[in-house]
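Here is final32.cif, consisting of mmCIF, C-alpha atoms:
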```
data_my_file
#
loop_
_atom_site.label_atom_id
_atom_site.label_comp_id
_atom_site.auth_asym_id
_atom_site.auth_seq_id
_atom_site.Cartn_x
_atom_site.Cartn_y
_atom_site.Cartn_z
CA MET A 1 0.00 0.00 0.00
CA THR A 2 2.81 2.36 0.86
CA ASP A 3 4.47 1.67 -2.47
CA ILE A 4 1.67 3.49 -4.27
CA LEU A 5 2.21 6.59 -2.16
CA ASP A 6 5.99 6.41 -2.68
CA ILE A 7 5.58 6.22 -6.44
CA ALA A 8 3.06 9.06 -6.41
CA VAL A 9 5.36 11.23 -4.28
CA MET A 10 8.31 10.59 -6.58
CA ALA A 11 6.19 11.44 -9.64
CA GLY A 12 5.01 14.57 -7.85
CA PHE A 13 8.62 15.56 -7.13
CA VAL A 14 9.48 15.18 -10.81
CA MET A 15 6.51 17.27 -11.94
CA VAL A 16 7.14 20.00 -9.36
CA PHE A 17 10.77 20.13 -10.51
CA ILE A 18 9.56 20.47 -14.11
CA ALA A 19 7.32 23.36 -13.05
CA VAL A 20 10.18 25.08 -11.19
CA GLY A 21 12.47 24.63 -14.19
CA LEU A 22 9.96 26.12 -16.62
CA ALA A 23 9.36 29.04 -14.23
CA VAL A 24 13.12 29.64 -14.01
CA LEU A 25 13.24 29.67 -17.82
CA ARG A 26 10.48 32.27 -17.87
CA LEU A 27 12.31 34.22 -15.18
CA ALA A 28 15.40 34.27 -17.40
CA VAL A 29 13.77 35.16 -20.72
CA GLY A 30 10.75 37.16 -19.51
CA PRO A 31 10.71 40.33 -21.56
CA THR A 32 9.30 42.62 -18.90
CA LEU A 33 9.42 43.00 -15.13
CA PRO A 34 5.84 41.76 -14.50
CA ASP A 35 6.70 38.55 -16.39
CA ARG A 36 9.52 37.93 -13.95
CA VAL A 37 7.32 38.72 -10.96
CA VAL A 38 4.73 36.20 -12.17
CA ALA A 39 7.46 33.58 -12.67
CA LEU A 40 8.69 34.20 -9.12
CA ASP A 41 5.14 33.81 -7.80
CA MET A 42 4.84 30.50 -9.63
CA MET A 43 8.16 29.33 -8.22
CA THR A 44 6.94 30.13 -4.70
CA LEU A 45 3.78 28.08 -5.24
CA ALA A 46 5.78 25.17 -6.68
CA ILE A 47 8.22 25.19 -3.76
CA VAL A 48 5.29 25.19 -1.29
CA ALA A 49 4.10 22.05 -3.07
CA PHE A 50 7.66 20.69 -2.89
CA CYS A 51 7.76 21.23 0.89
CA ALA A 52 4.45 19.39 1.28
CA LEU A 53 5.83 16.46 -0.76
CA ALA A 54 9.00 16.46 1.34
CA ALA A 55 6.81 16.27 4.45
CA ILE A 56 5.28 13.04 3.15
CA ARG A 57 8.60 11.64 1.95
CA THR A 58 10.54 12.18 5.19
CA GLY A 59 7.63 11.89 7.62
CA GLU A 60 8.61 15.21 9.21
CA ALA A 61 5.62 17.50 9.71
CA ALA A 62 8.03 20.41 10.27
CA PHE A 63 8.29 20.89 6.50
CA LEU A 64 4.75 22.26 6.61
CA ASP A 65 5.98 25.14 8.78
CA VAL A 66 8.56 25.88 6.09
CA ALA A 67 5.78 25.86 3.49
CA LEU A 68 3.65 28.24 5.58
CA VAL A 69 6.48 30.73 6.07
CA LEU A 70 7.38 30.45 2.38
CA ALA A 71 3.81 31.24 1.37
CA LEU A 72 3.83 34.32 3.63
CA VAL A 73 7.19 35.60 2.37
CA GLY A 74 6.29 34.85 -1.25
CA PHE A 75 3.13 36.92 -1.00
CA LEU A 76 5.10 39.81 0.52
CA ALA A 77 7.69 39.57 -2.27
CA THR A 78 5.01 39.54 -4.97
CA VAL A 79 3.24 42.57 -3.53
CA ALA A 80 6.48 44.48 -3.03
CA LEU A 81 7.72 43.79 -6.56
CA ALA A 82 4.34 44.70 -8.08
CA ARG A 83 4.34 48.00 -6.18
CA PHE A 84 7.94 48.57 -7.30
CA ALA A 85 7.10 47.94 -10.95
CA GLU A 86 4.14 50.28 -10.70
CA ARG A 87 6.02 53.06 -8.94
CA GLN A 88 9.05 52.81 -11.21
CA LYS A 89 7.07 54.10 -14.16
CA LEU A 90 5.43 56.86 -12.14
CA ARG A 91 8.75 57.94 -10.65
CA GLY A 92 10.28 58.12 -14.12
CA GLN A 93 7.49 60.36 -15.33
CA ASN A 94 7.58 62.61 -12.30
CA GLY A 95 11.36 62.83 -12.43
CA GLU A 96 11.18 64.24 -15.95
CA ASP A 97 8.63 66.79 -14.86
CA GLU A 98 10.52 68.07 -11.87
CA MET B 1 -7.75 3.08 1.14
CA VAL B 2 -6.72 6.39 2.60
CA THR B 3 -3.24 5.82 1.22
CA VAL B 4 -4.61 5.29 -2.29
CA ILE B 5 -6.70 8.45 -2.08
CA ALA B 6 -3.70 10.43 -0.79
CA ALA B 7 -1.56 9.03 -3.62
CA ILE B 8 -4.16 10.00 -6.22
CA LEU B 9 -4.43 13.51 -4.77
CA VAL B 10 -0.65 13.97 -4.69
CA LEU B 11 -0.33 12.73 -8.27
CA LEU B 12 -3.14 15.01 -9.45
CA GLY B 13 -1.55 17.98 -7.67
CA GLY B 14 1.77 17.24 -9.32
CA VAL B 15 0.11 17.08 -12.74
CA PHE B 16 -1.62 20.41 -12.19
CA THR B 17 1.61 22.01 -10.98
CA ALA B 18 3.42 20.79 -14.11
CA VAL B 19 0.57 22.16 -16.26
CA ALA B 20 0.96 25.51 -14.52
CA GLY B 21 4.67 25.48 -15.33
CA ILE B 22 3.99 24.67 -18.98
CA GLY B 23 1.38 27.44 -19.08
CA ILE B 24 3.73 29.98 -17.59
CA LEU B 25 6.27 29.22 -20.30
CA ARG B 26 3.96 28.84 -23.29
CA LEU B 27 1.20 31.44 -22.92
CA PRO B 28 1.72 34.58 -24.96
CA ASP B 29 1.03 37.35 -22.48
CA VAL B 30 1.66 38.52 -18.92
CA TYR B 31 -2.04 38.48 -18.12
CA MET B 32 -2.56 34.91 -19.33
CA ARG B 33 0.59 33.71 -17.58
CA MET B 34 -0.78 35.27 -14.42
CA HIS B 35 -3.89 33.11 -14.73
CA ALA B 36 -1.77 29.97 -15.17
CA ALA B 37 0.33 30.81 -12.11
CA THR B 38 -2.50 31.77 -9.77
CA LYS B 39 -5.34 29.41 -10.60
CA VAL B 40 -3.65 26.20 -11.70
CA GLY B 41 -0.70 26.63 -9.37
CA THR B 42 -2.96 27.16 -6.36
CA LEU B 43 -5.05 24.14 -7.36
CA GLY B 44 -1.96 21.94 -7.63
CA SER B 45 -0.53 23.06 -4.30
CA GLY B 46 -3.95 22.71 -2.64
CA LEU B 47 -4.41 19.13 -3.90
CA ILE B 48 -0.96 18.17 -2.65
CA LEU B 49 -1.70 19.76 0.73
CA VAL B 50 -4.99 17.84 1.01
CA GLY B 51 -3.04 14.67 0.24
CA VAL B 52 -0.54 15.50 3.01
CA GLY B 53 -3.38 16.09 5.49
CA LEU B 54 -4.97 12.76 4.59
CA HIS B 55 -1.66 10.91 4.88
CA PHE B 56 -0.71 12.23 8.32
CA ALA B 57 -4.28 12.31 9.76
CA ASP B 58 -3.05 14.31 12.74
CA PRO B 59 -4.98 17.38 14.01
CA GLY B 60 -1.94 19.66 14.12
CA VAL B 61 -0.82 18.69 10.62
CA VAL B 62 -4.34 19.05 9.22
CA LEU B 63 -4.62 22.47 10.86
CA ARG B 64 -1.35 23.55 9.25
CA CYS B 65 -2.44 22.24 5.84
CA VAL B 66 -5.77 24.07 6.07
CA LEU B 67 -3.95 27.22 7.19
CA ILE B 68 -1.53 27.11 4.22
CA PHE B 69 -4.36 26.42 1.78
CA VAL B 70 -6.59 29.22 3.12
CA PHE B 71 -3.63 31.57 3.05
CA LEU B 72 -2.84 30.68 -0.57
CA MET B 73 -6.48 31.09 -1.56
CA LEU B 74 -6.56 34.50 0.13
CA THR B 75 -3.30 35.91 -1.17
CA SER B 76 -2.88 34.64 -4.71
CA PRO B 77 -5.83 36.64 -6.20
CA ILE B 78 -4.54 39.75 -4.44
CA GLY B 79 -1.05 39.24 -5.83
CA ALA B 80 -2.38 38.56 -9.32
CA HIS B 81 -4.55 41.67 -9.18
CA MET B 82 -1.60 43.82 -8.14
CA ILE B 83 0.69 42.40 -10.85
CA GLY B 84 -2.01 42.87 -13.49
CA ARG B 85 -2.66 46.44 -12.45
CA ALA B 86 1.06 47.20 -12.49
CA ALA B 87 1.42 45.64 -15.96
CA LEU B 88 -1.53 47.61 -17.31
CA ARG B 89 -0.21 50.86 -15.87
CA ILE B 90 3.28 50.24 -17.22
CA GLY B 91 1.63 50.00 -20.63
CA ILE B 92 1.85 46.34 -21.65
CA VAL B 93 -0.79 45.79 -24.33
CA PRO B 94 -2.87 42.62 -23.84
CA TRP B 95 -2.32 39.93 -26.48
CA GLY B 96 -4.87 40.01 -29.28
CA ILE B 97 -5.58 43.72 -29.16
CA ALA B 98 -4.39 44.80 -32.58
CA THR B 99 -3.13 48.37 -32.45
CA GLY B 100 -4.23 51.81 -31.41
CA GLU B 101 -3.79 53.36 -28.04
CA PRO B 102 -3.12 50.88 -25.23
CA PRO B 103 -6.17 50.48 -22.98
CA VAL B 104 -4.53 52.18 -20.01
CA GLU B 105 -6.59 54.46 -17.86
CA LYS B 106 -4.73 57.58 -18.82
CA GLY B 107 -5.93 59.93 -16.14
CA LYS B 108 -4.68 57.90 -13.21
CA ALA B 109 -1.23 57.04 -14.51
CA ASP B 110 -0.32 60.62 -15.35
#
```

Kindly present the structure from the file in structure tokens form.
Amino acid sequence: MTDILDIAVMAGFVMVFIAVGLAVLRLAVGPTLPDRVVALDMMTLAIVAFCALAAIRTGEAAFLDVALVLALVGFLATVALARFAERQKLRGQNGEDE
Amino acid sequence: MVTVIAAILVLLGGVFTAVAGIGILRLPDVYMRMHAATKVGTLGSGLILVGVGLHFADPGVVLRCVLIFVFLMLTSPIGAHMIGRAALRIGIVPWGIATGEPPVEKGKAD
């Protein structure tokens, strides 16, 4: 019975790694700053899933705390970068005016 | 039985996470990529977290899983909304809109 869960967890690891790799690719080639912010958001979600899978694999429930803190910090990073991208444009315009 | 259900949920969550990764690479626009990251990514992570809660079947672990899932469901639409608003104000034209002036609300940005 446990073999099924082991196989599923390994397959989940592989697919989460694929998602992280594709998000890193988008982070590298993304033409604009919001593209990169979205890729970072996706990486945060994928690593939360990775921590949950690691909790099953090792039997340590402490990985869920890591996932919780990562979700919190990832949201803060997304909001901060979105505000930065928004303000950057406004600051450029105002700087020309002043 | 519970193990089989947890395995199916974990596998399904992994598939949805991989689909989100493919979507974030393949879709043509920031706005569409945002949808792939927020909706499908949250679904994948949520399914995996439900699988973890079923596997451990411990009140503290289930509480933590529910907390993470509720937090993701609360924050990912807010983050997507902020990124989309920033992209629209920067002046990124949505894919499929041919030409003309970009649909930015001019009065607020200036």

Please expand the PyMOL selection byres ((chain A) within 8 of (chain B)) into the concrete residues it hits in this file, giving the result as a PyMOL selection string.
chain A and resi 1-2+4-5+8-9+11-13+15-16+18-23+25-26+34-35+37-39+41-42+45-46+48-49+52-53+55-56+61+64-65+67-68+71-72+75+78-79+82-83+85-86+89-90+93

Work out how far atom CA of A:Ala80 is from atom CA of A:Arg36, in Å to one decimal.
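Result for atom CA of A:Arg36 versus atom CA of A:Ala80: 13.1 Å, one decimal.
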
Distance of atom CA of A:Leu33 from atom CA of A:Gly74, expressed in Å to one decimal place:
16.4 Å

How far is it from atom CA of A:Met10 to atom CA of B:Ala57, in Å with one decimal?
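Result for atom CA of A:Met10 versus atom CA of B:Ala57: 20.7 Å, one decimal.
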
Go through A:Ile7, A:Val24, A:Leu70, A:Leu76 and flag the residue nearest A:Phe50, using all atoms listed in the file for the distances.
A:Leu70
